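*Asks:* So that you have it, the file is data_39.cif, and it contains mmCIF, C-alpha atoms:
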```cif
data_input
loop_
_atom_site.label_atom_id
_atom_site.label_comp_id
_atom_site.auth_asym_id
_atom_site.auth_seq_id
_atom_site.Cartn_x
_atom_site.Cartn_y
_atom_site.Cartn_z
CA MET A 1 -38.82 -7.51 88.88
CA GLU A 2 -39.83 -10.83 90.46
CA VAL A 3 -43.18 -11.04 92.25
CA ASP A 4 -41.61 -11.74 95.64
CA GLN A 5 -39.31 -8.72 95.21
CA MET A 6 -42.36 -6.57 94.39
CA GLN A 7 -44.18 -7.97 97.43
CA ARG A 8 -41.20 -7.12 99.69
CA GLN A 9 -41.03 -3.62 98.22
CA CYS A 10 -44.77 -3.17 98.77
CA LEU A 11 -44.58 -4.43 102.36
CA ASP A 12 -41.60 -2.17 103.11
CA TYR A 13 -43.44 0.79 101.65
CA THR A 14 -46.56 0.00 103.69
CA LYS A 15 -44.45 -0.32 106.87
CA SER A 16 -42.90 3.08 106.21
CA LEU A 17 -46.38 4.65 105.98
CA PHE A 18 -47.18 3.28 109.44
CA LEU A 19 -43.82 4.30 110.93
CA GLU A 20 -44.18 7.83 109.56
CA GLY A 21 -47.69 8.08 110.99
CA PHE A 22 -49.53 8.46 107.69
CA LEU A 23 -51.58 5.34 108.36
CA ASP A 24 -52.74 3.53 111.49
CA GLY A 25 -54.22 0.12 112.33
CA GLN A 26 -57.58 1.00 110.84
CA PHE A 27 -56.02 0.68 107.36
CA VAL A 28 -55.05 -2.90 108.16
CA GLN A 29 -58.70 -3.52 109.18
CA LEU A 30 -59.68 -2.25 105.74
CA GLN A 31 -57.24 -4.60 103.99
CA GLN A 32 -58.56 -7.50 106.05
CA LEU A 33 -62.10 -6.77 104.83
CA GLN A 34 -61.06 -7.30 101.19
CA ASP A 35 -61.88 -10.77 99.92
CA GLU A 36 -62.62 -12.75 96.74
CA ASN A 37 -66.16 -11.27 96.68
CA ASN A 38 -64.72 -7.79 96.30
CA HIS A 39 -61.11 -7.69 95.08
CA ASP A 40 -61.16 -3.90 94.80
CA PHE A 41 -62.69 -3.01 98.14
CA VAL A 42 -59.67 -1.06 99.44
CA VAL A 43 -59.34 0.86 96.16
CA GLU A 44 -63.07 1.65 96.21
CA VAL A 45 -62.99 2.92 99.79
CA VAL A 46 -59.82 4.93 99.24
CA SER A 47 -61.33 6.47 96.07
CA LEU A 48 -64.45 7.37 98.01
CA PHE A 49 -62.27 8.94 100.68
CA PHE A 50 -60.45 11.04 98.06
CA GLU A 51 -63.74 12.18 96.52
CA ASP A 52 -65.29 12.99 99.88
CA SER A 53 -62.20 14.76 101.21
CA GLU A 54 -61.79 16.97 98.18
CA ARG A 55 -65.41 18.05 98.38
CA LEU A 56 -65.07 18.77 102.10
CA LEU A 57 -61.83 20.72 101.66
CA ASN A 58 -63.52 22.86 98.99
CA ASP A 59 -66.50 23.41 101.29
CA LEU A 60 -64.14 24.37 104.13
CA THR A 61 -62.24 26.82 101.93
CA PHE A 62 -65.52 28.44 100.90
CA ALA A 63 -66.90 28.52 104.45
CA LEU A 64 -63.76 30.14 105.86
CA ASP A 65 -63.71 32.70 103.05
CA GLN A 66 -67.02 34.24 104.10
CA LYS A 67 -67.27 37.70 105.71
CA SER A 68 -69.25 36.23 108.53
CA ILE A 69 -67.98 32.73 109.25
CA ASP A 70 -70.49 30.09 110.32
CA PHE A 71 -68.30 28.08 112.70
CA LYS A 72 -71.00 25.46 113.18
CA LYS A 73 -70.87 24.74 109.47
CA VAL A 74 -67.06 24.69 109.48
CA ASP A 75 -67.12 22.31 112.43
CA ALA A 76 -69.62 20.04 110.68
CA HIS A 77 -67.34 19.76 107.62
CA VAL A 78 -64.28 19.06 109.78
CA HIS A 79 -66.24 16.47 111.73
CA GLN A 80 -67.08 14.68 108.47
CA LEU A 81 -63.46 14.75 107.34
CA LYS A 82 -62.31 13.49 110.72
CA GLY A 83 -64.83 10.66 110.48
CA SER A 84 -63.76 9.39 107.08
CA SER A 85 -60.03 9.87 107.65
CA SER A 86 -60.35 7.96 110.91
CA SER A 87 -62.27 5.15 109.23
CA ILE A 88 -59.63 4.53 106.58
CA GLY A 89 -56.71 4.98 108.94
CA ALA A 90 -55.40 8.31 107.62
CA GLN A 91 -53.95 9.17 111.01
CA ARG A 92 -52.26 12.50 110.30
CA VAL A 93 -55.35 13.90 108.56
CA LYS A 94 -57.48 12.75 111.50
CA ASN A 95 -55.15 14.39 114.02
CA CYS A 96 -55.22 17.67 112.09
CA CYS A 97 -59.01 17.54 112.17
CA ILE A 98 -59.04 17.06 115.96
CA GLU A 99 -56.97 20.23 116.39
CA PHE A 100 -59.09 22.05 113.80
CA ARG A 101 -62.30 21.28 115.72
CA ASN A 102 -60.82 22.74 118.91
CA PHE A 103 -60.19 26.03 117.11
CA CYS A 104 -63.69 25.97 115.61
CA GLU A 105 -65.05 25.76 119.13
CA GLU A 106 -62.93 28.78 120.11
CA GLN A 107 -64.06 30.56 116.89
CA ASN A 108 -60.41 31.41 116.25
CA ILE A 109 -60.34 32.44 112.58
CA ASP A 110 -56.57 32.63 112.16
CA ALA A 111 -56.00 29.27 113.79
CA CYS A 112 -58.77 27.73 111.66
CA LEU A 113 -57.19 29.07 108.49
CA SER A 114 -53.83 27.67 109.57
CA CYS A 115 -55.45 24.30 110.31
CA LEU A 116 -57.09 24.32 106.91
CA GLN A 117 -53.70 24.70 105.24
CA GLN A 118 -52.27 21.96 107.41
CA VAL A 119 -55.09 19.53 106.73
CA LYS A 120 -54.84 20.21 102.97
CA GLN A 121 -51.13 19.48 103.13
CA GLU A 122 -51.59 16.26 105.11
CA TYR A 123 -54.37 15.18 102.77
CA CYS A 124 -52.09 15.72 99.73
CA HIS A 125 -49.32 13.71 101.37
CA VAL A 126 -51.56 10.76 102.26
CA LYS A 127 -53.22 10.86 98.85
CA ASN A 128 -49.83 10.57 97.11
CA LYS A 129 -48.74 7.80 99.45
CA LEU A 130 -51.95 5.81 98.99
CA GLU A 131 -51.84 6.22 95.21
CA THR A 132 -48.27 4.89 95.20
CA LEU A 133 -49.27 1.97 97.41
CA ILE A 134 -52.22 1.09 95.19
CA ARG A 135 -49.96 1.24 92.11
CA LEU A 136 -47.50 -1.16 93.75
CA GLU A 137 -50.33 -3.53 94.70
CA GLN A 138 -51.78 -3.44 91.19
CA GLN A 139 -48.35 -4.29 89.73
CA ILE A 140 -48.15 -7.33 92.03
CA VAL A 141 -51.63 -8.52 91.02
CA ALA A 142 -50.84 -7.97 87.32
CA ALA A 143 -47.73 -10.14 87.75
CA GLY A 144 -49.87 -12.91 89.25
CA GLY A 145 -48.98 -12.33 92.90
CA SER A 146 -51.10 -11.62 95.96
CA ILE A 147 -51.09 -8.37 97.94
CA PRO A 148 -49.06 -8.75 101.16
CA THR A 149 -50.70 -7.41 104.33
CA MET A 150 -49.07 -6.22 107.49
CA GLU A 151 -49.63 -7.88 110.84
CA PHE A 152 -50.78 -5.23 113.30
CA MET B 1 -84.95 -14.05 108.73
CA GLU B 2 -84.51 -17.79 108.28
CA SER B 3 -83.33 -19.92 105.39
CA GLN B 4 -83.21 -23.69 104.99
CA ASN B 5 -80.12 -25.38 103.59
CA ASN B 6 -79.90 -28.74 101.86
CA ASN B 7 -79.39 -30.59 105.15
CA GLN B 8 -82.74 -29.35 106.45
CA ASN B 9 -80.95 -27.41 109.22
CA LEU B 10 -82.39 -24.04 110.04
CA THR B 11 -79.79 -21.30 109.86
CA ILE B 12 -80.52 -17.87 111.21
CA GLN B 13 -79.59 -14.94 108.99
CA LEU B 14 -79.41 -11.63 110.76
CA THR B 15 -80.33 -8.35 109.09
CA ALA B 16 -78.91 -4.91 109.73
CA LEU B 17 -79.49 -1.28 108.86
CA VAL B 18 -76.50 1.07 108.70
CA VAL B 19 -77.51 4.67 109.38
CA ASP B 20 -74.68 7.09 108.61
CA ASP B 21 -74.38 10.22 106.50
CA ASN B 22 -70.72 9.49 105.76
CA LYS B 23 -70.34 7.39 102.60
CA VAL B 24 -66.93 6.01 103.60
CA ASN B 25 -68.20 4.82 106.98
CA ARG B 26 -71.34 3.35 105.47
CA LYS B 27 -69.34 1.40 102.90
CA ILE B 28 -66.93 0.04 105.50
CA HIS B 29 -69.65 -0.97 107.98
CA GLN B 30 -71.70 -2.59 105.23
CA LYS B 31 -68.68 -4.58 104.03
CA MET B 32 -68.01 -5.76 107.60
CA LEU B 33 -71.60 -6.96 107.76
CA ASP B 34 -71.36 -8.60 104.29
CA ASN B 35 -68.27 -10.50 105.42
CA VAL B 36 -70.13 -12.04 108.37
CA ARG B 37 -73.13 -12.78 106.15
CA VAL B 38 -75.46 -10.25 107.73
CA LYS B 39 -77.88 -9.00 105.10
CA ASN B 40 -77.79 -5.22 105.24
CA LEU B 41 -78.96 -1.90 103.89
CA GLY B 42 -77.50 1.58 104.26
CA VAL B 43 -79.33 4.90 104.67
CA LYS B 44 -77.87 8.35 105.03
CA ASN B 45 -79.80 9.94 107.88
CA GLY B 46 -82.21 9.30 110.71
CA LYS B 47 -85.28 10.28 108.68
CA GLU B 48 -84.51 7.63 106.05
CA ALA B 49 -84.10 5.11 108.87
CA VAL B 50 -87.53 6.00 110.27
CA ASP B 51 -89.12 6.03 106.80
CA ILE B 52 -87.83 2.57 105.97
CA HIS B 53 -89.45 1.28 109.17
CA CYS B 54 -92.69 3.09 108.32
CA ASP B 55 -92.60 1.08 105.07
CA GLY B 56 -92.68 -2.06 107.17
CA ARG B 57 -89.02 -3.11 107.04
CA ARG B 58 -87.52 -4.59 110.20
CA PHE B 59 -83.92 -5.33 111.12
CA ASP B 60 -82.25 -7.31 113.86
CA LEU B 61 -79.56 -4.66 114.23
CA ILE B 62 -79.43 -0.93 113.57
CA LEU B 63 -76.03 0.77 113.57
CA MET B 64 -76.91 4.39 114.29
CA ASP B 65 -74.56 7.31 113.77
CA LEU B 66 -75.09 10.36 115.99
CA ASP B 67 -74.41 13.44 113.88
CA MET B 68 -76.50 13.41 110.74
CA PRO B 69 -78.38 16.10 108.82
CA ILE B 70 -82.20 16.25 108.68
CA MET B 71 -82.64 13.85 111.63
CA ASN B 72 -79.77 12.92 113.94
CA GLY B 73 -79.21 9.63 115.74
CA ILE B 74 -80.82 10.71 119.01
CA GLU B 75 -84.02 11.88 117.30
CA ALA B 76 -84.16 8.80 115.08
CA THR B 77 -83.62 6.41 117.99
CA LYS B 78 -86.39 8.10 120.04
CA GLU B 79 -88.72 7.96 117.05
CA LEU B 80 -88.02 4.28 116.36
CA ARG B 81 -88.58 3.35 120.01
CA SER B 82 -91.84 5.32 120.10
CA MET B 83 -92.93 3.32 117.03
CA GLY B 84 -92.36 0.15 119.08
CA ILE B 85 -89.24 -0.93 117.22
CA SER B 86 -87.46 -3.44 119.44
CA SER B 87 -84.39 -4.02 117.23
CA MET B 88 -80.97 -3.83 118.81
CA ILE B 89 -79.91 -0.25 118.20
CA VAL B 90 -76.20 0.37 118.62
CA GLY B 91 -74.95 3.93 118.58
CA VAL B 92 -71.73 4.41 116.66
CA SER B 93 -70.09 7.80 116.83
CA SER B 94 -66.80 9.58 117.12
CA ARG B 95 -68.22 11.84 119.83
CA CYS B 96 -66.37 11.13 123.04
CA THR B 97 -67.85 13.22 125.82
CA GLU B 98 -69.64 11.26 128.53
CA ALA B 99 -72.58 13.67 128.43
CA GLU B 100 -73.15 13.11 124.69
CA ILE B 101 -72.89 9.34 125.03
CA GLN B 102 -75.30 9.42 127.99
CA LYS B 103 -77.82 11.48 126.02
CA PHE B 104 -77.56 9.06 123.10
CA MET B 105 -78.01 6.04 125.38
CA GLU B 106 -81.05 7.65 127.02
CA ALA B 107 -82.69 7.98 123.60
CA GLY B 108 -83.06 4.19 123.60
CA LEU B 109 -79.80 2.58 122.52
CA ASN B 110 -78.92 -0.93 123.58
CA ASP B 111 -75.23 -0.24 123.29
CA TYR B 112 -72.71 2.33 122.13
CA HIS B 113 -69.36 1.99 120.42
CA GLU B 114 -66.84 4.61 119.43
CA LYS B 115 -66.09 4.86 115.74
CA PRO B 116 -64.45 3.38 113.83
CA LEU B 117 -66.06 -0.01 114.33
CA ASN B 118 -63.77 -2.95 113.82
CA ILE B 119 -64.38 -6.62 113.27
CA ALA B 120 -63.96 -7.48 116.98
CA LYS B 121 -66.52 -4.86 118.10
CA LEU B 122 -68.99 -5.98 115.44
CA SER B 123 -68.59 -9.63 116.48
CA SER B 124 -69.37 -8.73 120.09
CA ILE B 125 -72.50 -6.85 118.96
CA LEU B 126 -73.72 -9.78 116.82
CA HIS B 127 -73.01 -12.19 119.67
CA MET B 128 -75.33 -10.10 121.88
CA ILE B 129 -78.14 -10.58 119.34
CA ASN B 130 -77.52 -14.28 118.83
CA PRO B 131 -74.89 -16.09 120.95
CA ASN B 132 -74.62 -18.75 118.26
CA TYR B 133 -73.75 -16.29 115.52
#
```
Show me this structure written as structure tokens.
*Replies:*
Amino acid sequence: MEVDQMQRQCLDYTKSLFLEGFLDGQFVQLQQLQDENNHDFVVEVVSLFFEDSERLLNDLTFALDQKSIDFKKVDAHVHQLKGSSSSIGAQRVKNCCIEFRNFCEEQNIDACLSCLQQVKQEYCHVKNKLETLIRLEQQIVAAGGSIPTMEF
Amino acid sequence: MESQNNNQNLTIQLTALVVDDNKVNRKIHQKMLDNVRVKNLGVKNGKEAVDIHCDGRRFDLILMDLDMPIMNGIEATKELRSMGISSMIVGVSSRCTEAEIQKFMEAGLNDYHEKPLNIAKLSSILHMINPNY
């Protein structure tokens, strides 16, 4: 495949992630931070987000599995996840976290468990999407092209 | 901090401390600062921010998160002000209630911005420190 074809494919894929609500403008901010001093900045931040999120989701699963649930602790974990998902532009994950925090405040166990499942699902979706996007970008770079960025 | 270039013109380099327990946020804010040539360090809670000042370090700008373990942003800001630290301290948090923002401001902030920071917000903060920046 020609480089410009790959770039168009990558741009179309990125656009679809915005249209479907997986990503928001904060992701474009992240792409704009990448420069010749750090070619892999977006990959590094996204990898950090994956690492952080998986740890937090494990902590949340453990916290909500206790006989006596510490909702302050649950809320603290959700707050962290909301923070990092918001910072990288993972909109759907962030929105799930907002709802989750409301139920933590109400100390509604069933609703929290449902939110946990939802946030895990949304995290899996965005992880797959971002991994695909990164693969497409790496193919472009390997073929000698530059990564196209969206105007937002 | 000042450095002298080959043309004998003095150029001001600003310094910043990023105080945030979230690694992703710290990395992003530090990269934003790198990109505008602000020399910066990151610490993961308010206590580390206070300790670094006790060691004698000073910064033009402190980006202070609110919710952090060990010492939160309100406690750290109060402590830094009581130590006589006159740096610009900007609160950065995803907390949205007016009461929480007010409490944070009353601790001694110069300004507050909702997370996530973006390039435009950071530029306005740096401009407040040095209009020529």
*Asks:* Within 10 Å of (-56.3, 0.5, 106.2) in the file's own coordinates, which protein, DNA or RNA residues have an atom, counting only C-alpha atoms? List them as a PyMOL selection string.
*Replies:* chain A and resi 23-33+42+45-46+86-90+130+149-150
*Asks:* What gap, in Å, lies between CA of Lys82 (chain A) and CA of Cys97 (chain A)?
*Replies:*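 CA of Cys97 (chain A) lies at a distance of 5.4 Å from CA of Lys82 (chain A).
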*Asks:* Go through A:Gly21, A:Leu11, A:Asp65, A:Glu51 one by one, measure the shortest atom-to-atom distance of each to Asp110 (chain A) using only C-alpha atoms, and give the residue with the smallest value.
*Replies:* A:Asp65
*Asks:* Go ahead and compute the interatomic distance for CA of Cys124 (chain A) and CA of Phe49 (chain A), in Å to one decimal.
*Replies:*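 Pair CA of Cys124 (chain A) / CA of Phe49 (chain A) returns 12.3 Å.
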*Asks:* Check what the PyMOL selection byres ((chain B and resi 107) around 6) selects in the file above and give those residues as a list in words.
*Replies:*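 Evaluating the PyMOL selection byres ((chain B and resi 107) around 6) on these coordinates yields Ile74, Thr77, Lys78, Phe104, Met105, Glu106 and Gly108 of chain B.
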*Asks:* If the PyMOL selection byres ((chain B and resi 20) around 6) is run on the structure shown, which residues does it catch, given as JSON, numbers by chain?
*Replies:* {"B": [19, 21, 22, 26, 44, 45, 65]}
*Asks:* Would you kindly translate the PyMOL selection byres ((chain A and resi 64) around 12) into the concrete residues it picks from this file, as an MDAnalysis selection string?
*Replies:* chainID A and resid 57:63 65:75 77:78 104 107:117
*Asks:* Up to 8 Å from chain A, what residues of chain B turn up? Count all atoms listed in the file and give them as a list in words.
*Replies:*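 My answer is Asn22, Lys23, Val24, Asn25, Lys27, Ile28, Lys31, Met32, Asn35, Ser94, Lys115, Pro116, Asn118 and Ile119 of chain B.
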*Asks:* Name the residues in contact with Met1 (chain A) at a cut-off of 10 Å, using only C-alpha atoms, excluding same-chain residues fewer than 5 positions from it; report them as a PyMOL selection string.
*Replies:* chain A and resi 6+140+143
*Asks:* Could you please take those selected residues and save C-alpha atoms as an mmCIF file, keeping the file's coordinate frame?
*Replies:*
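This went into again.cif:
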```cif
data_model
loop_
_atom_site.group_PDB
_atom_site.id
_atom_site.type_symbol
_atom_site.label_atom_id
_atom_site.label_comp_id
_atom_site.auth_asym_id
_atom_site.auth_seq_id
_atom_site.Cartn_x
_atom_site.Cartn_y
_atom_site.Cartn_z
ATOM 1 C CA MET A 6 -42.360 -6.570 94.390
ATOM 2 C CA ILE A 140 -48.150 -7.330 92.030
ATOM 3 C CA ALA A 143 -47.730 -10.140 87.750
#
```
*Asks:* State, in Å with one decimal place, the distance from CA of Ile125 (chain B) to CA of Asn95 (chain A).
*Replies:*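 That distance, rounded to one decimal, is 27.9 Å.
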*Asks:* Within 8 Å of (-54.4, -2.1, 95.2), only C-alpha atoms: residues as a short mmCIF file (atom, residue, chain, number, x, y, z; two decimals) with C-alpha atoms, keeping the file's coordinate frame?
*Replies:*
```
data_model
loop_
_atom_site.label_atom_id
_atom_site.label_comp_id
_atom_site.auth_asym_id
_atom_site.auth_seq_id
_atom_site.Cartn_x
_atom_site.Cartn_y
_atom_site.Cartn_z
CA ASP A 40 -61.16 -3.90 94.80
CA VAL A 42 -59.67 -1.06 99.44
CA VAL A 43 -59.34 0.86 96.16
CA LEU A 133 -49.27 1.97 97.41
CA ILE A 134 -52.22 1.09 95.19
CA ARG A 135 -49.96 1.24 92.11
CA LEU A 136 -47.50 -1.16 93.75
CA GLU A 137 -50.33 -3.53 94.70
CA GLN A 138 -51.78 -3.44 91.19
CA ILE A 147 -51.09 -8.37 97.94
#
```
*Asks:* From the set A:Gln121, A:Asn128, A:Gln91, A:Gln5, which residue has the shortest atom-to-atom contact distance to Glu20 (chain A), counting only C-alpha atoms?
*Replies:*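 Of the candidates, the smallest distance to Glu20 (chain A) is held by A:Gln91.
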*Asks:* May I have the residues within 7 Å of Asn40 (chain B) as a ChimeraX atom specification, using only C-alpha atoms and disregarding those fewer than 6 positions away in the same chain?
*Replies:* /B:15-17,30,33
*Asks:* From the list B:Met68, B:Met83, B:Val18, B:Val92, which residue is nearest His53 (chain B) when using all atoms listed in the file?
*Replies:* B:Met83
*Asks:* Is there a way to complete region 87-98 of chain A with all heavy atoms and then write that out as a compact mmCIF listing (two decimals), in the frame of the given file?
*Replies:*
```txt
# COMPACT_ATOMS: atom_id res chain seq x y z
N SER A 87 -61.78 6.46 109.68
CA SER A 87 -62.27 5.15 109.23
C SER A 87 -61.34 4.45 108.26
O SER A 87 -61.35 3.23 108.18
CB SER A 87 -63.65 5.27 108.60
OG SER A 87 -64.60 5.60 109.58
N ILE A 88 -60.56 5.21 107.48
CA ILE A 88 -59.63 4.53 106.58
C ILE A 88 -58.21 4.46 107.16
O ILE A 88 -57.33 3.84 106.57
CB ILE A 88 -59.58 5.14 105.15
CG1 ILE A 88 -58.84 6.46 105.12
CG2 ILE A 88 -60.95 5.25 104.53
CD1 ILE A 88 -58.08 6.61 103.80
N GLY A 89 -58.02 5.08 108.31
CA GLY A 89 -56.71 4.98 108.94
C GLY A 89 -55.74 6.09 108.55
O GLY A 89 -54.53 5.96 108.76
N ALA A 90 -56.27 7.18 108.01
CA ALA A 90 -55.40 8.31 107.62
C ALA A 90 -55.14 9.15 108.87
O ALA A 90 -55.78 10.18 109.11
CB ALA A 90 -56.07 9.14 106.52
N GLN A 91 -54.18 8.67 109.66
CA GLN A 91 -53.95 9.17 111.01
C GLN A 91 -53.61 10.66 111.09
O GLN A 91 -54.16 11.39 111.92
CB GLN A 91 -52.83 8.35 111.65
CG GLN A 91 -52.63 8.61 113.14
CD GLN A 91 -51.58 7.69 113.72
OE1 GLN A 91 -51.86 6.93 114.62
NE2 GLN A 91 -50.38 7.76 113.21
N ARG A 92 -52.69 11.10 110.22
CA ARG A 92 -52.26 12.50 110.30
C ARG A 92 -53.40 13.45 109.94
O ARG A 92 -53.53 14.52 110.54
CB ARG A 92 -51.09 12.75 109.36
CG ARG A 92 -49.76 12.22 109.86
CD ARG A 92 -48.67 12.89 109.07
NE ARG A 92 -47.40 12.22 109.21
CZ ARG A 92 -46.29 12.63 108.61
NH1 ARG A 92 -46.32 13.68 107.81
NH2 ARG A 92 -45.17 11.99 108.78
N VAL A 93 -54.20 13.07 108.96
CA VAL A 93 -55.35 13.90 108.56
C VAL A 93 -56.32 13.97 109.74
O VAL A 93 -56.81 15.05 110.10
CB VAL A 93 -56.04 13.35 107.30
CG1 VAL A 93 -57.29 14.16 106.98
CG2 VAL A 93 -55.09 13.36 106.12
N LYS A 94 -56.57 12.80 110.34
CA LYS A 94 -57.48 12.75 111.50
C LYS A 94 -56.98 13.66 112.63
O LYS A 94 -57.75 14.43 113.20
CB LYS A 94 -57.59 11.30 112.01
CG LYS A 94 -58.49 11.13 113.23
CD LYS A 94 -58.34 9.78 113.86
CE LYS A 94 -57.12 9.69 114.73
NZ LYS A 94 -57.05 8.40 115.46
N ASN A 95 -55.70 13.58 112.92
CA ASN A 95 -55.15 14.39 114.02
C ASN A 95 -55.25 15.89 113.74
O ASN A 95 -55.52 16.68 114.65
CB ASN A 95 -53.69 14.00 114.30
CG ASN A 95 -53.57 12.61 114.91
OD1 ASN A 95 -54.55 12.08 115.43
ND2 ASN A 95 -52.39 12.02 114.84
N CYS A 96 -55.05 16.26 112.49
CA CYS A 96 -55.22 17.67 112.09
C CYS A 96 -56.66 18.10 112.34
O CYS A 96 -56.92 19.22 112.80
CB CYS A 96 -54.93 17.86 110.59
SG CYS A 96 -53.20 18.07 110.26
N CYS A 97 -57.59 17.22 112.01
CA CYS A 97 -59.01 17.54 112.17
C CYS A 97 -59.37 17.73 113.65
O CYS A 97 -60.21 18.58 113.98
CB CYS A 97 -59.89 16.45 111.56
SG CYS A 97 -59.82 16.39 109.77
N ILE A 98 -58.76 16.95 114.52
CA ILE A 98 -59.04 17.06 115.96
C ILE A 98 -58.65 18.46 116.44
O ILE A 98 -59.42 19.14 117.14
CB ILE A 98 -58.29 15.96 116.75
CG1 ILE A 98 -58.88 14.59 116.42
CG2 ILE A 98 -58.37 16.22 118.27
CD1 ILE A 98 -58.10 13.40 116.96
```
